[in-house]
>>> print(open('target-v7.cif').read())   # mmCIF, C-alpha atoms
data_start
loop_
_atom_site.label_atom_id
_atom_site.label_comp_id
_atom_site.auth_asym_id
_atom_site.auth_seq_id
_atom_site.Cartn_x
_atom_site.Cartn_y
_atom_site.Cartn_z
CA MET O 287 32.03 75.94 -51.51
CA GLY O 288 32.45 76.85 -47.88
CA LEU O 289 32.85 80.34 -46.54
CA PRO O 290 36.04 82.27 -47.23
CA ALA O 291 38.68 81.89 -44.53
CA LEU O 292 38.33 85.51 -43.42
CA ALA O 293 34.62 85.11 -42.72
CA ALA O 294 35.22 81.79 -40.96
CA GLU O 295 37.78 83.47 -38.69
CA ALA O 296 35.36 86.23 -37.99
CA ASP O 297 32.77 83.66 -37.01
CA GLY O 298 35.31 82.12 -34.68
CA GLU O 299 35.94 85.46 -33.04
CA LEU O 300 32.24 86.10 -32.62
CA ILE O 301 31.82 82.67 -31.07
CA ALA O 302 34.64 83.36 -28.64
CA ARG O 303 33.10 86.71 -27.74
CA TYR O 304 29.70 85.13 -27.19
CA LEU O 305 31.16 82.40 -25.00
CA ALA O 306 32.86 85.14 -23.00
CA GLY O 307 29.45 86.69 -22.37
CA ASP O 308 29.02 89.12 -25.26
CA GLU O 309 25.40 88.81 -26.40
CA GLN O 310 25.87 91.18 -29.29
CA ALA O 311 28.22 88.66 -30.86
CA ALA O 312 25.39 86.14 -30.92
CA GLY O 313 23.14 88.69 -32.56
CA GLU O 314 25.73 89.30 -35.23
CA LEU O 315 26.08 85.57 -35.91
CA VAL O 316 22.32 85.25 -36.26
CA ARG O 317 22.08 88.16 -38.65
CA ARG O 318 24.95 86.80 -40.70
CA HIS O 319 23.59 83.29 -41.16
CA THR O 320 19.81 83.63 -41.02
CA ALA O 321 19.30 83.84 -44.78
CA ALA O 322 21.42 80.77 -45.52
CA LEU O 323 19.83 78.71 -42.79
CA ALA O 324 16.28 79.69 -43.75
CA ARG O 325 17.05 78.97 -47.40
CA TYR O 326 18.43 75.55 -46.52
CA MET O 327 15.36 74.71 -44.48
CA ALA O 328 12.92 76.09 -47.04
CA ALA O 329 14.51 73.97 -49.77
CA GLN O 330 13.84 70.91 -47.65
CA GLY O 331 10.15 71.69 -47.48
CA ALA O 332 9.85 73.75 -44.30
CA PRO O 333 6.48 75.52 -44.50
CA ALA O 334 6.74 79.25 -45.20
CA GLU O 335 4.60 80.11 -42.20
CA GLU O 336 6.92 78.19 -39.88
CA LEU O 337 10.22 79.06 -41.46
CA GLU O 338 11.07 81.83 -39.03
CA ASP O 339 10.20 79.71 -35.99
CA LEU O 340 12.28 76.82 -37.30
CA THR O 341 15.18 79.15 -38.03
CA GLN O 342 14.96 80.58 -34.54
CA GLU O 343 14.82 77.10 -33.03
CA ALA O 344 17.96 76.01 -34.91
CA PHE O 345 19.88 79.09 -33.72
CA PHE O 346 18.70 78.58 -30.16
CA LYS O 347 19.87 74.98 -30.15
CA ALA O 348 23.14 75.97 -31.78
CA PHE O 349 23.95 78.63 -29.17
CA ARG O 350 23.08 76.33 -26.32
CA ALA O 351 25.44 73.72 -27.74
CA LEU O 352 28.08 76.19 -28.85
CA ALA O 353 30.58 75.04 -26.25
CA SER O 354 30.70 71.69 -28.05
CA PHE O 355 31.46 73.30 -31.41
CA ARG O 356 34.96 72.10 -32.29
CA GLY O 357 35.50 74.10 -35.43
CA GLY O 358 36.11 71.05 -37.65
CA ALA O 359 33.54 72.43 -40.06
CA SER O 360 32.61 76.07 -40.48
CA PHE O 361 30.04 77.54 -38.12
CA ARG O 362 27.60 77.78 -40.99
CA THR O 363 27.94 74.13 -41.94
CA TRP O 364 27.57 73.13 -38.31
CA LEU O 365 24.50 75.33 -38.07
CA LEU O 366 22.99 73.77 -41.20
CA ALA O 367 23.46 70.33 -39.68
CA ILE O 368 21.57 71.51 -36.59
CA GLY O 369 18.93 72.94 -38.91
CA GLY O 370 18.61 69.47 -40.44
CA ASN O 371 17.93 68.02 -37.00
CA VAL O 372 15.32 70.67 -36.28
CA LEU O 373 13.64 69.86 -39.59
CA ARG O 374 13.64 66.18 -38.77
CA ASP O 375 11.80 66.90 -35.53
CA GLY O 376 9.52 69.36 -37.31
CA ARG O 377 8.53 66.88 -40.00
CA ARG O 378 6.60 64.94 -37.41
CA LYS O 379 4.52 68.00 -36.63
CA TRP O 380 3.82 69.58 -39.95
CA ARG O 381 2.77 68.19 -43.25
CA ARG O 382 4.28 69.17 -46.50
CA ARG O 383 2.63 72.04 -48.27
CA GLN O 384 -0.17 70.87 -50.53
CA VAL O 385 0.21 73.64 -53.06
CA VAL O 386 3.59 74.36 -54.54
CA GLU O 387 3.91 78.01 -55.44
CA LEU O 388 6.50 78.81 -58.02
CA SER O 389 8.82 81.71 -57.40
CA PRO O 390 8.87 84.61 -59.85
CA GLU O 391 12.20 83.36 -61.19
CA ILE O 392 10.57 80.14 -62.28
CA ARG O 393 7.14 81.46 -63.19
CA ASP O 394 8.18 83.20 -66.38
CA PRO O 395 5.05 84.03 -68.42
CA SER O 396 7.04 84.56 -71.60
CA GLY O 397 7.95 80.91 -72.11
CA ASP O 398 6.17 77.84 -73.35
CA PRO O 399 3.25 76.92 -71.02
CA ALA O 400 3.97 73.22 -71.51
CA GLU O 401 7.55 73.75 -70.39
CA HIS O 402 6.38 75.68 -67.33
CA ALA O 403 3.97 72.90 -66.44
CA ASP O 404 6.75 70.37 -66.81
CA ALA O 405 9.12 72.47 -64.68
CA GLY O 406 6.46 72.84 -62.02
CA TRP O 407 5.79 69.11 -62.00
CA THR O 408 9.51 68.34 -61.76
CA LEU O 409 9.95 70.78 -58.90
CA GLU O 410 7.03 69.31 -57.04
CA ARG O 411 8.32 65.79 -57.58
CA LEU O 412 11.79 66.83 -56.47
CA GLU O 413 10.44 68.28 -53.25
CA GLU O 414 8.44 65.11 -52.61
CA GLY O 415 11.44 62.98 -53.41
CA ILE O 416 13.70 64.93 -51.07
CA GLY O 417 11.15 64.45 -48.32
CA LYS O 418 11.21 60.70 -48.91
CA LEU O 419 14.97 60.29 -48.79
CA ALA O 420 16.61 58.80 -45.72
CA ARG O 421 17.82 61.53 -43.36
CA LEU O 422 21.51 61.27 -44.18
CA GLN O 423 20.86 60.98 -47.90
CA ARG O 424 18.71 64.09 -47.75
CA GLU O 425 21.15 66.12 -45.71
CA VAL O 426 24.19 65.10 -47.72
CA PHE O 427 22.33 65.83 -50.93
CA MET O 428 21.17 69.27 -49.82
CA LEU O 429 24.53 70.27 -48.38
CA ARG O 430 26.22 69.18 -51.57
CA ALA O 431 23.71 70.12 -54.25
CA GLN O 432 22.15 73.21 -52.73
CA GLN O 433 24.92 74.55 -50.52
CA GLY O 434 27.76 73.40 -52.73
CA LEU O 435 29.86 72.04 -49.87
CA GLU O 436 32.82 69.73 -50.27
CA TYR O 437 32.48 66.15 -49.07
CA SER O 438 35.14 66.73 -46.43
CA GLU O 439 33.10 69.51 -44.86
CA ILE O 440 29.86 67.56 -45.10
CA SER O 441 31.45 64.54 -43.44
CA THR O 442 32.74 66.66 -40.57
CA ALA O 443 29.40 68.39 -40.05
CA LEU O 444 27.37 65.19 -40.10
CA GLY O 445 29.89 63.02 -38.26
CA ILE O 446 30.27 60.49 -41.07
CA SER O 447 33.20 59.48 -43.26
CA GLU O 448 33.86 61.18 -46.55
CA GLY O 449 33.28 57.90 -48.36
CA ALA O 450 29.93 57.48 -46.66
CA ALA O 451 28.98 61.01 -47.68
CA ARG O 452 29.79 60.17 -51.31
CA VAL O 453 27.72 56.99 -51.14
CA HIS O 454 24.76 58.82 -49.59
CA TYR O 455 24.97 61.46 -52.31
CA HIS O 456 25.14 58.84 -55.05
CA HIS O 457 22.08 57.03 -53.70
CA ALA O 458 20.19 60.28 -53.25
CA VAL O 459 20.85 61.28 -56.86
CA LYS O 460 19.79 57.87 -58.09
CA ARG O 461 16.55 57.94 -56.13
CA LEU O 462 15.71 61.52 -57.03
CA MET O 463 16.36 60.90 -60.71
CA ALA O 464 13.97 57.99 -60.63
CA TRP O 465 11.48 60.23 -58.84
CA ILE O 466 11.54 63.10 -61.33
CA GLN O 467 11.70 61.04 -64.55
CA MET Q 32 25.26 78.34 -54.68
CA ASP Q 33 28.08 76.35 -56.16
CA PRO Q 34 27.35 75.18 -59.71
CA MET Q 35 26.28 71.58 -59.81
CA ASN Q 36 29.07 69.33 -60.91
CA ALA Q 37 29.42 66.41 -63.25
CA GLU Q 38 28.20 63.89 -60.70
CA THR Q 39 24.66 65.28 -60.92
CA PRO Q 40 22.50 64.86 -64.04
CA ASP Q 41 21.45 68.08 -65.76
CA LYS Q 42 17.75 67.59 -65.16
CA LEU Q 43 18.30 67.17 -61.44
CA SER Q 44 20.68 70.13 -61.33
CA ALA Q 45 18.09 72.33 -63.00
CA ALA Q 46 15.38 71.18 -60.62
CA VAL Q 47 17.60 71.85 -57.59
CA ARG Q 48 18.36 75.33 -58.89
CA ALA Q 49 14.64 76.00 -59.22
CA LEU Q 50 14.05 74.65 -55.74
CA ASP Q 51 16.84 76.82 -54.38
CA ALA Q 52 15.43 79.88 -56.12
CA ARG Q 53 12.10 79.33 -54.46
CA ALA Q 54 13.76 78.68 -51.12
CA ALA Q 55 15.68 81.94 -51.48
CA ALA Q 56 12.44 83.82 -52.09
CA LEU Q 57 10.88 82.25 -48.99
CA SER Q 58 13.92 82.90 -46.83
CA ALA Q 59 13.85 86.58 -47.80
CA GLN Q 60 10.68 86.84 -45.74
CA VAL Q 61 12.54 85.82 -42.60
CA SER Q 62 13.84 88.86 -40.75
CA PRO Q 63 17.38 88.36 -39.38
CA ASP Q 64 16.87 91.12 -36.82
CA ARG Q 65 13.65 89.60 -35.56
CA VAL Q 66 15.20 86.14 -35.36
CA ALA Q 67 18.23 87.58 -33.53
CA SER Q 68 16.14 89.35 -30.92
CA ARG Q 69 13.93 86.30 -30.36
CA VAL Q 70 16.93 84.00 -30.02
CA LEU Q 71 18.66 86.31 -27.53
CA GLU Q 72 15.46 86.71 -25.55
CA ARG Q 73 14.99 82.96 -25.38
CA LEU Q 74 18.59 82.36 -24.38
CA LYS Q 75 18.09 84.78 -21.48
CA ARG Q 76 14.82 83.20 -20.47
CA GLU Q 77 15.75 79.53 -20.79
CA GLY Q 78 19.47 79.68 -20.16
CA ALA Q 79 22.36 79.91 -22.55
CA VAL Q 80 23.77 76.50 -21.72
CA GLU Q 81 21.95 73.26 -22.24
CA PRO Q 82 21.41 71.51 -18.90
CA ARG Q 83 23.70 68.50 -18.65
CA ILE Q 84 22.03 66.16 -16.19
CA TRP Q 85 24.32 63.14 -16.02
CA TRP Q 86 21.65 60.55 -16.71
CA MET Q 87 20.46 62.48 -19.75
CA ARG Q 88 23.86 62.30 -21.41
CA PRO Q 89 23.88 60.12 -24.50
CA ALA Q 90 26.52 57.78 -23.08
CA ALA Q 91 24.51 57.22 -19.89
CA LEU Q 92 21.33 56.65 -21.89
CA ARG Q 93 23.11 54.17 -24.16
CA ALA Q 94 24.50 52.28 -21.16
CA ALA Q 95 21.08 52.17 -19.51
CA ALA Q 96 19.49 50.92 -22.72
CA ALA Q 97 22.14 48.18 -23.00
CA VAL Q 98 21.52 47.05 -19.42
CA VAL Q 99 17.77 46.96 -19.98
CA LEU Q 100 18.23 44.94 -23.17
CA LEU Q 101 20.58 42.47 -21.50
CA VAL Q 102 18.34 41.96 -18.48
CA GLY Q 103 15.26 41.69 -20.69
CA ALA Q 104 16.90 39.21 -23.03
CA GLY Q 105 18.18 37.12 -20.11
CA TRP Q 106 14.80 37.07 -18.46
CA THR Q 107 13.08 36.10 -21.73
CA VAL Q 108 15.50 33.25 -22.46
CA SER Q 109 15.17 31.99 -18.90
CA ALA Q 110 11.37 32.12 -19.04
CA ILE Q 111 11.27 30.30 -22.37
CA ARG Q 112 13.56 27.55 -21.12
CA GLN Q 113 11.58 27.08 -17.93
CA HIS Q 114 8.34 27.02 -19.85
CA SER Q 115 9.56 24.41 -22.33
CA VAL Q 116 10.85 22.11 -19.58
CA GLN Q 117 7.60 22.37 -17.66
CA THR Q 118 5.56 21.81 -20.78
CA ALA Q 119 7.57 18.77 -21.74
CA ALA Q 120 7.36 17.36 -18.25
CA ARG Q 121 3.60 17.77 -18.09
CA LEU Q 122 2.74 16.14 -21.38
CA PRO Q 123 -0.25 13.94 -20.72
CA VAL Q 124 0.41 10.28 -21.09
CA SER Q 125 -2.51 9.08 -23.13
CA VAL Q 126 -1.13 5.72 -24.14
CA ARG Q 127 -2.22 2.73 -22.21
CA VAL Q 128 0.82 1.20 -20.68
CA ASP Q 129 -0.39 -2.32 -21.17
CA SER Q 130 -0.50 -1.71 -24.91
CA LEU Q 131 3.28 -1.17 -25.03
CA ASN Q 132 5.83 -3.89 -25.02
CA ALA Q 133 9.00 -3.67 -22.96
CA GLN Q 134 11.05 -2.27 -25.80
CA GLN Q 135 8.53 0.49 -26.46
CA LEU Q 136 8.37 1.32 -22.77
CA GLU Q 137 12.11 1.62 -22.62
CA ALA Q 138 12.06 3.94 -25.62
CA VAL Q 139 9.40 6.11 -23.96
CA LEU Q 140 11.30 6.21 -20.70
CA GLN Q 141 14.54 6.99 -22.46
CA ALA Q 142 12.94 9.88 -24.37
CA ALA Q 143 11.39 11.23 -21.20
CA GLY Q 144 14.66 10.76 -19.42
CA GLU Q 145 16.43 12.97 -21.95
CA VAL Q 146 14.05 15.80 -21.15
CA ARG Q 147 14.44 15.66 -17.45
CA ALA Q 148 17.62 13.68 -17.04
CA ALA Q 149 18.98 15.97 -14.41
CA ASN Q 150 15.96 15.64 -12.18
CA PHE Q 151 15.50 11.92 -12.17
CA ALA Q 152 17.35 8.97 -10.88
CA PRO Q 153 17.94 6.17 -13.36
CA VAL Q 154 14.88 4.03 -13.84
CA THR Q 155 15.88 0.56 -12.96
CA SER Q 156 14.38 -2.34 -11.19
CA SER Q 157 16.04 -4.73 -8.81
CA ASN Q 158 17.31 -6.93 -11.61
CA GLY Q 159 17.87 -4.02 -14.04
CA SER Q 160 15.01 -4.94 -16.38
CA LEU Q 161 11.65 -3.31 -17.02
CA ASP Q 162 10.15 -6.74 -17.49
CA SER Q 163 10.18 -7.24 -13.76
CA LEU Q 164 7.97 -4.16 -13.10
CA SER Q 165 4.27 -4.62 -12.68
CA GLU Q 166 1.82 -2.61 -14.74
CA GLN Q 167 0.99 -0.51 -11.69
CA GLN Q 168 4.68 0.24 -11.12
CA LEU Q 169 5.15 1.20 -14.74
CA GLN Q 170 2.15 3.52 -14.59
CA GLN Q 171 3.59 5.13 -11.48
CA VAL Q 172 6.90 5.67 -13.26
CA LEU Q 173 5.19 7.21 -16.26
CA ALA Q 174 2.90 9.33 -14.12
CA SER Q 175 5.89 10.68 -12.23
CA LEU Q 176 7.26 11.99 -15.50
#
>>> encode(input="target-v7.cif", output="structure tokens")
Amino acid sequence: MGLPALAAEADGELIARYLAGDEQAAGELVRRHTAALARYMAAQGAPAEELEDLTQEAFFKAFRALASFRGGASFRTWLLAIGGNVLRDGRRKWRRRQVVELSPEIRDPSGDPAEHADAGWTLERLEEGIGKLARLQREVFMLRAQQGLEYSEISTALGISEGAARVHYHHAVKRLMAWIQ
Amino acid sequence: MDPMNAETPDKLSAAVRALDARAAALSAQVSPDRVASRVLERLKREGAVEPRIWWMRPAALRAAAAVVLLVGAGWTVSAIRQHSVQTAARLPVSVRVDSLNAQQLEAVLQAAGEVRAANFAPVTSSNGSLDSLSEQQLQQVLASL
């Protein structure tokens, strides 16, 4: 789901303040959305060692283009779309991590080792599969599956129709299921 | 994160949740304060507004690309046509004229005439028949093609 209306309004006020020359407003926006943006980029395979640089780059591009932000989608969704573009450019420069480290949440030593191995394999395959999706399929899938956004918001952020967003999601699911089977 | 809905198979939902959990752990290492200060510093240094040079605007770039494509396509088509006409016109005549009868000669001349019809006057003799041309004259006609 998108942000609550109150937070979205607050973002709008911060944007207006920044456009009026208040730098602190920009700082507040960055602090508010850094975690979500970094999480979105990390889930798409951004290397840990470059995650902060990529996050910074996405914010920089967003602020420079802020005058063109129309408010059709929330600031966060718009920012995530910019993050997707930064990742697309970044993919040409960096290669996907060779070793997939499992987070403590996943690496539970109390369970069945075979299940852990299977979960690790599936996660690795999912990450590979996401990297192989077409750009729009990948972005629609991540915005929907990871961020939990509605199709209407995804379509506004990516500049596509709602129907197209649904189709991209459907194809992404189909391809990823084939990839992790 | 919103719970995955019915349109996503359970296995994929579970894998995405695991991926998201790992992404959350990685993103926790990114300092919002550090990112904020770096972004503000960069905005000061490089300017807060993206430079909008008119020819770098997407619409201008699209228009320029369309013009280049049109001119390129026109030039290519023109070059191909010119080349084919020249090639057809310069086909070596390796058949001995005296080995052809009048009907065959007319067929050859008619075929050649279709290629370069616009550039040649009708091939006729004084009495309108090829039979009246000498071998030398026929060779000259063929050579001129």
>>> closest_residue(input="target-v7.cif", among="O:Gly298, O:Gly313, O:Gly445, O:Pro333", to="Arg362 of chain O", atoms="all atoms listed in the file")
O:Gly298
>>> closest_atom_pairs(input="target-v7.cif", of="chain Q", to="chain O", cutoff="10 Å", atoms="all atoms listed in the file", output="tab-separated table")
residue	atom	partner	partner_atom	distance
Q:Met32	CA	O:Gln433	CA	5.6
Q:Asp33	CA	O:Gly434	CA	4.5
Q:Pro34	CA	O:Gly434	CA	7.2
Q:Met35	CA	O:Ala431	CA	6.3
Q:Asn36	CA	O:Ala431	CA	8.6
Q:Glu38	CA	O:His456	CA	8.2
Q:Thr39	CA	O:Val459	CA	6.9
Q:Pro40	CA	O:Met463	CA	8.0
Q:Lys42	CA	O:Met463	CA	8.2
Q:Leu43	CA	O:Met463	CA	6.6
Q:Ser44	CA	O:Ala431	CA	7.7
Q:Ala45	CA	O:Ala405	CA	9.1
Q:Ala46	CA	O:Leu409	CA	5.7
Q:Val47	CA	O:Gln432	CA	6.8
Q:Arg48	CA	O:Gln432	CA	7.5
Q:Ala49	CA	O:Ile392	CA	6.6
Q:Leu50	CA	O:Ala329	CA	6.0
Q:Asp51	CA	O:Ala329	CA	5.9
Q:Ala52	CA	O:Glu391	CA	6.9
Q:Arg53	CA	O:Ser389	CA	5.0
Q:Ala54	CA	O:Ala328	CA	4.9
Q:Ala55	CA	O:Arg325	CA	5.2
Q:Ala56	CA	O:Ser389	CA	6.8
Q:Leu57	CA	O:Ala334	CA	6.4
Q:Ser58	CA	O:Ala324	CA	5.0
Q:Ala59	CA	O:Ala321	CA	6.8
Q:Gln60	CA	O:Glu338	CA	8.4
Q:Val61	CA	O:Glu338	CA	5.6
Q:Ser62	CA	O:Glu338	CA	7.7
Q:Pro63	CA	O:Arg317	CA	4.8
Q:Asp64	CA	O:Arg317	CA	6.3
Q:Arg65	CA	O:Glu338	CA	8.9
Q:Val66	CA	O:Gln342	CA	5.6
Q:Ala67	CA	O:Gly313	CA	5.1
Q:Ser68	CA	O:Gly313	CA	7.2
Q:Arg69	CA	O:Gln342	CA	7.2
Q:Val70	CA	O:Phe346	CA	5.7
Q:Leu71	CA	O:Gly313	CA	7.1
Q:Glu72	CA	O:Phe346	CA	9.9
Q:Arg73	CA	O:Phe346	CA	7.5
Q:Leu74	CA	O:Phe346	CA	6.9
Q:Lys75	CA	O:Glu309	CA	9.7
Q:Glu77	CA	O:Arg350	CA	9.7
Q:Gly78	CA	O:Arg350	CA	7.9
Q:Ala79	CA	O:Arg350	CA	5.2
Q:Val80	CA	O:Arg350	CA	4.7
Q:Glu81	CA	O:Arg350	CA	5.2
Q:Pro82	CA	O:Arg350	CA	9.0
>>> write_last_selection(input="target-v7.cif", atoms="C-alpha atoms", output="PDB file, in the coordinates of the input")
ATOM      1  CA  MET Q  32      25.260  78.340 -54.680  1.00  0.00           C
ATOM      2  CA  ASP Q  33      28.080  76.350 -56.160  1.00  0.00           C
ATOM      3  CA  PRO Q  34      27.350  75.180 -59.710  1.00  0.00           C
ATOM      4  CA  MET Q  35      26.280  71.580 -59.810  1.00  0.00           C
ATOM      5  CA  ASN Q  36      29.070  69.330 -60.910  1.00  0.00           C
ATOM      6  CA  GLU Q  38      28.200  63.890 -60.700  1.00  0.00           C
ATOM      7  CA  THR Q  39      24.660  65.280 -60.920  1.00  0.00           C
ATOM      8  CA  PRO Q  40      22.500  64.860 -64.040  1.00  0.00           C
ATOM      9  CA  LYS Q  42      17.750  67.590 -65.160  1.00  0.00           C
ATOM     10  CA  LEU Q  43      18.300  67.170 -61.440  1.00  0.00           C
ATOM     11  CA  SER Q  44      20.680  70.130 -61.330  1.00  0.00           C
ATOM     12  CA  ALA Q  45      18.090  72.330 -63.000  1.00  0.00           C
ATOM     13  CA  ALA Q  46      15.380  71.180 -60.620  1.00  0.00           C
ATOM     14  CA  VAL Q  47      17.600  71.850 -57.590  1.00  0.00           C
ATOM     15  CA  ARG Q  48      18.360  75.330 -58.890  1.00  0.00           C
ATOM     16  CA  ALA Q  49      14.640  76.000 -59.220  1.00  0.00           C
ATOM     17  CA  LEU Q  50      14.050  74.650 -55.740  1.00  0.00           C
ATOM     18  CA  ASP Q  51      16.840  76.820 -54.380  1.00  0.00           C
ATOM     19  CA  ALA Q  52      15.430  79.880 -56.120  1.00  0.00           C
ATOM     20  CA  ARG Q  53      12.100  79.330 -54.460  1.00  0.00           C
ATOM     21  CA  ALA Q  54      13.760  78.680 -51.120  1.00  0.00           C
ATOM     22  CA  ALA Q  55      15.680  81.940 -51.480  1.00  0.00           C
ATOM     23  CA  ALA Q  56      12.440  83.820 -52.090  1.00  0.00           C
ATOM     24  CA  LEU Q  57      10.880  82.250 -48.990  1.00  0.00           C
ATOM     25  CA  SER Q  58      13.920  82.900 -46.830  1.00  0.00           C
ATOM     26  CA  ALA Q  59      13.850  86.580 -47.800  1.00  0.00           C
ATOM     27  CA  GLN Q  60      10.680  86.840 -45.740  1.00  0.00           C
ATOM     28  CA  VAL Q  61      12.540  85.820 -42.600  1.00  0.00           C
ATOM     29  CA  SER Q  62      13.840  88.860 -40.750  1.00  0.00           C
ATOM     30  CA  PRO Q  63      17.380  88.360 -39.380  1.00  0.00           C
ATOM     31  CA  ASP Q  64      16.870  91.120 -36.820  1.00  0.00           C
ATOM     32  CA  ARG Q  65      13.650  89.600 -35.560  1.00  0.00           C
ATOM     33  CA  VAL Q  66      15.200  86.140 -35.360  1.00  0.00           C
ATOM     34  CA  ALA Q  67      18.230  87.580 -33.530  1.00  0.00           C
ATOM     35  CA  SER Q  68      16.140  89.350 -30.920  1.00  0.00           C
ATOM     36  CA  ARG Q  69      13.930  86.300 -30.360  1.00  0.00           C
ATOM     37  CA  VAL Q  70      16.930  84.000 -30.020  1.00  0.00           C
ATOM     38  CA  LEU Q  71      18.660  86.310 -27.530  1.00  0.00           C
ATOM     39  CA  GLU Q  72      15.460  86.710 -25.550  1.00  0.00           C
ATOM     40  CA  ARG Q  73      14.990  82.960 -25.380  1.00  0.00           C
ATOM     41  CA  LEU Q  74      18.590  82.360 -24.380  1.00  0.00           C
ATOM     42  CA  LYS Q  75      18.090  84.780 -21.480  1.00  0.00           C
ATOM     43  CA  GLU Q  77      15.750  79.530 -20.790  1.00  0.00           C
ATOM     44  CA  GLY Q  78      19.470  79.680 -20.160  1.00  0.00           C
ATOM     45  CA  ALA Q  79      22.360  79.910 -22.550  1.00  0.00           C
ATOM     46  CA  VAL Q  80      23.770  76.500 -21.720  1.00  0.00           C
ATOM     47  CA  GLU Q  81      21.950  73.260 -22.240  1.00  0.00           C
ATOM     48  CA  PRO Q  82      21.410  71.510 -18.900  1.00  0.00           C
TER      49      PRO Q  82
END
>>> atom_distance(input="target-v7.cif", atom1="atom CA of Glu439 of chain O", atom2="atom CA of Thr363 of chain O")
7.5 Å
>>> atom_distance(input="target-v7.cif", atom1="atom CA of Ser175 of chain Q", atom2="atom CA of Val108 of chain Q")
26.6 Å
>>> decode(input="target-v7.cif", residues="segment 68-80 of chain Q", atoms="N, CA and C atoms", output="JSON list (two decimals), in the first residue's frame")
[["chain", "number", "residue", "atom", "x", "y", "z"],
["Q", 68, "SER", "N", 23.51, 14.45, 3.81],
["Q", 68, "SER", "CA", 24.56, 15.47, 3.72],
["Q", 68, "SER", "C", 25.29, 15.39, 2.38],
["Q", 69, "ARG", "N", 25.48, 14.19, 1.89],
["Q", 69, "ARG", "CA", 26.16, 14.05, 0.58],
["Q", 69, "ARG", "C", 25.29, 14.59, -0.55],
["Q", 70, "VAL", "N", 24.00, 14.33, -0.46],
["Q", 70, "VAL", "CA", 23.09, 14.82, -1.51],
["Q", 70, "VAL", "C", 23.06, 16.35, -1.50],
["Q", 71, "LEU", "N", 22.93, 16.93, -0.32],
["Q", 71, "LEU", "CA", 22.87, 18.40, -0.24],
["Q", 71, "LEU", "C", 24.18, 19.03, -0.73],
["Q", 72, "GLU", "N", 25.27, 18.41, -0.35],
["Q", 72, "GLU", "CA", 26.57, 18.92, -0.79],
["Q", 72, "GLU", "C", 26.68, 18.88, -2.31],
["Q", 73, "ARG", "N", 26.23, 17.80, -2.88],
["Q", 73, "ARG", "CA", 26.31, 17.65, -4.34],
["Q", 73, "ARG", "C", 25.36, 18.61, -5.06],
["Q", 74, "LEU", "N", 24.21, 18.82, -4.47],
["Q", 74, "LEU", "CA", 23.27, 19.77, -5.08],
["Q", 74, "LEU", "C", 23.86, 21.18, -5.09],
["Q", 75, "LYS", "N", 24.59, 21.51, -4.03],
["Q", 75, "LYS", "CA", 25.24, 22.83, -3.97],
["Q", 75, "LYS", "C", 26.34, 22.92, -5.03],
["Q", 76, "ARG", "N", 27.11, 21.85, -5.11],
["Q", 76, "ARG", "CA", 28.27, 21.85, -5.99],
["Q", 76, "ARG", "C", 27.87, 21.81, -7.46],
["Q", 77, "GLU", "N", 26.90, 20.97, -7.79],
["Q", 77, "GLU", "CA", 26.58, 20.75, -9.21],
["Q", 77, "GLU", "C", 25.31, 21.46, -9.66],
["Q", 78, "GLY", "N", 24.66, 22.13, -8.73],
["Q", 78, "GLY", "CA", 23.44, 22.86, -9.11],
["Q", 78, "GLY", "C", 22.21, 22.06, -8.78],
["Q", 79, "ALA", "N", 21.20, 22.75, -8.29],
["Q", 79, "ALA", "CA", 19.99, 22.07, -7.84],
["Q", 79, "ALA", "C", 19.01, 21.80, -8.97],
["Q", 80, "VAL", "N", 19.25, 22.43, -10.10],
["Q", 80, "VAL", "CA", 18.33, 22.24, -11.22],
["Q", 80, "VAL", "C", 19.10, 21.65, -12.39]]
